[in-house]
Amino acid sequence: DFASTTQAFDGTRSIDGTGSTNNNIAGIVAPSPIALTDYIALTMAMYITSFPSTGTKDVTLQWFSAGAPVGNELSVKPYVSTITLNSWQLLNIPLADFGLTGATTFNELRIKTVDSGQGAPPNYFMDAIKLVEAGGAAGVASYKFSPNAGENYSLLRLRIRAWNSGKTSLAPDEFFGLP
């Protein structure tokens with residue numbers, strides 16, 4: 001449902017994936033091809049109501065160009081907490097994570113529900129799906145920490161150091177002087 005009013009992050013409607021089952025695909029099609037060189041990341045908000053750990057459960061994203069896949073199919077799992085339920089989570093996925101390079105163009109984003117084995121499929125909502133322009137991300141850094149397939153890591157300590165370079169007051173829509 002592309003106009004659900006059950007949950008909304010930005011505005012009053014969102015994409016409702018709660019009724020999807022294995023290999024159901026939702027496609028978002030652009031009116032014309034989009035050039036990879038103009039963008040650096042895909043951002044969105046995701047609201048998970050259930051994400052069973054039994055069987056094989058996932059939600060994947062894949063870019064397409066004129067019906068043909070472009071780059072890699074990507075799981076949302078490294079970008080969200082599948083055990084954090086009933087709250088909006090923000091995803092920031094660098095386009096490089098899709099394996100996109102060079103002069104690639106695409107015109108469709110497909111969202112696929114994966115549900116095989118025991119248990120119900122994942123239930124989720126998506127909203128505020130946007131491409132981040134290449135020139136508009138000055139001062140933005142994105143870091144990803146995830147184990148390789150079949151490996152488990154424990155993150156014991158994380159230190160983030162940030163400083164304000166000379167600015168003495170901040171506007172409500174700024175973080176350390178950056179919009």
# chains A, B, ... in the order shown; residues from 1 in each chain; ligands from 1

call {"tool": "residues_around", "arguments": {"residues": "Val70 of chain A", "least_positions_apart": "5", "cutoff": "12 Å", "atoms": "only C-alpha atoms", "output": "list in words"}}
result
Leu36, Leu61, Gln62, Trp63, Phe64, Ser65, Leu95, Ala96, Phe98, Gly99, Leu100, Thr101, Gly102, Ala103, Thr104, Thr105, Phe106, Asn107, Glu108, Leu109 and Arg110 of chain A

call {"tool": "select_by_dssp", "arguments": {"residues": "segment 1-175 of chain A", "states": "strand (DSSP E)", "output": "mmCIF file with C-alpha atoms, in the first residue's frame"}}
result
data_model
loop_
_atom_site.group_PDB
_atom_site.id
_atom_site.type_symbol
_atom_site.label_atom_id
_atom_site.label_comp_id
_atom_site.auth_asym_id
_atom_site.auth_seq_id
_atom_site.Cartn_x
_atom_site.Cartn_y
_atom_site.Cartn_z
ATOM 1 C CA ILE A 15 4.508 2.650 2.137
ATOM 2 C CA ASP A 16 2.939 -0.227 4.072
ATOM 3 C CA ILE A 25 8.104 -6.588 -4.754
ATOM 4 C CA ALA A 26 7.147 -2.928 -4.564
ATOM 5 C CA GLY A 27 8.628 -0.737 -7.289
ATOM 6 C CA ILE A 28 9.220 3.002 -7.222
ATOM 7 C CA VAL A 29 9.761 4.223 -10.789
ATOM 8 C CA ALA A 30 11.316 7.563 -11.749
ATOM 9 C CA PRO A 31 9.878 9.386 -14.783
ATOM 10 C CA SER A 32 13.333 9.446 -16.425
ATOM 11 C CA PRO A 33 16.743 7.795 -15.874
ATOM 12 C CA ILE A 34 18.776 8.994 -12.873
ATOM 13 C CA ALA A 35 22.556 9.376 -13.240
ATOM 14 C CA TYR A 39 23.916 11.229 -6.099
ATOM 15 C CA ILE A 40 25.895 9.623 -3.272
ATOM 16 C CA ALA A 41 23.355 7.923 -0.985
ATOM 17 C CA LEU A 42 19.838 6.636 -0.492
ATOM 18 C CA THR A 43 18.109 7.695 2.724
ATOM 19 C CA MET A 44 14.781 6.569 4.136
ATOM 20 C CA ALA A 45 12.847 5.985 7.322
ATOM 21 C CA MET A 46 11.718 2.453 8.242
ATOM 22 C CA TYR A 47 9.200 1.440 10.908
ATOM 23 C CA ILE A 48 9.372 -2.278 11.751
ATOM 24 C CA THR A 49 6.408 -3.876 13.529
ATOM 25 C CA SER A 50 7.798 -7.439 13.393
ATOM 26 C CA THR A 56 15.141 -16.587 6.320
ATOM 27 C CA LYS A 57 13.616 -13.109 6.709
ATOM 28 C CA ASP A 58 14.767 -9.929 5.022
ATOM 29 C CA VAL A 59 13.814 -6.796 3.145
ATOM 30 C CA THR A 60 16.061 -6.061 0.187
ATOM 31 C CA LEU A 61 16.590 -3.107 -2.117
ATOM 32 C CA GLN A 62 17.679 -3.289 -5.767
ATOM 33 C CA TRP A 63 18.127 -0.637 -8.444
ATOM 34 C CA PHE A 64 16.905 -1.313 -11.984
ATOM 35 C CA SER A 65 17.400 0.398 -15.332
ATOM 36 C CA ALA A 68 17.303 -4.844 -15.848
ATOM 37 C CA PRO A 69 19.024 -5.054 -12.436
ATOM 38 C CA VAL A 70 21.848 -2.587 -11.800
ATOM 39 C CA GLY A 71 24.429 -3.260 -9.099
ATOM 40 C CA ASN A 72 23.777 -5.548 -6.132
ATOM 41 C CA GLU A 73 20.618 -6.482 -4.273
ATOM 42 C CA LEU A 74 21.158 -5.104 -0.757
ATOM 43 C CA SER A 75 19.693 -6.195 2.573
ATOM 44 C CA TRP A 88 11.020 5.016 13.072
ATOM 45 C CA GLN A 89 14.649 4.267 12.196
ATOM 46 C CA LEU A 90 16.667 6.315 9.712
ATOM 47 C CA LEU A 91 18.715 4.525 7.058
ATOM 48 C CA ASN A 92 21.625 6.109 5.198
ATOM 49 C CA ILE A 93 22.880 3.766 2.473
ATOM 50 C CA PRO A 94 25.826 4.922 0.327
ATOM 51 C CA THR A 105 21.920 5.132 -14.650
ATOM 52 C CA PHE A 106 18.797 3.714 -13.024
ATOM 53 C CA ASN A 107 15.101 4.516 -13.029
ATOM 54 C CA GLU A 108 13.542 2.148 -10.489
ATOM 55 C CA LEU A 109 14.047 1.088 -6.879
ATOM 56 C CA ARG A 110 12.525 -2.286 -6.007
ATOM 57 C CA ILE A 111 11.772 -3.257 -2.407
ATOM 58 C CA LYS A 112 11.467 -7.024 -1.909
ATOM 59 C CA THR A 113 10.222 -9.001 1.087
ATOM 60 C CA VAL A 114 12.103 -12.249 1.747
ATOM 61 C CA ASP A 115 10.216 -14.870 3.784
ATOM 62 C CA SER A 116 11.234 -18.500 3.626
ATOM 63 C CA ASN A 123 6.169 -6.337 8.686
ATOM 64 C CA TYR A 124 7.311 -2.784 8.040
ATOM 65 C CA PHE A 125 6.545 0.692 6.756
ATOM 66 C CA MET A 126 8.866 2.935 4.687
ATOM 67 C CA ASP A 127 8.739 6.684 4.261
ATOM 68 C CA ALA A 128 10.837 9.693 3.226
ATOM 69 C CA ILE A 129 12.765 7.745 0.568
ATOM 70 C CA LYS A 130 15.273 10.172 -0.953
ATOM 71 C CA LEU A 131 18.468 10.294 -2.976
ATOM 72 C CA VAL A 132 21.209 12.523 -1.507
ATOM 73 C CA GLU A 133 22.794 14.799 -4.089
#

call {"tool": "residues_around", "arguments": {"residues": "Ala3 of chain A", "least_positions_apart": "3", "cutoff": "10 Å", "atoms": "only C-alpha atoms", "output": "JSON, numbers by chain"}}
result
{"A": [6, 7, 8, 12, 13, 14, 15, 16]}

call {"tool": "atom_distance", "arguments": {"atom1": "atom CA of Asn23 of chain A", "atom2": "atom CA of Phe2 of chain A"}}
result
17.4 Å
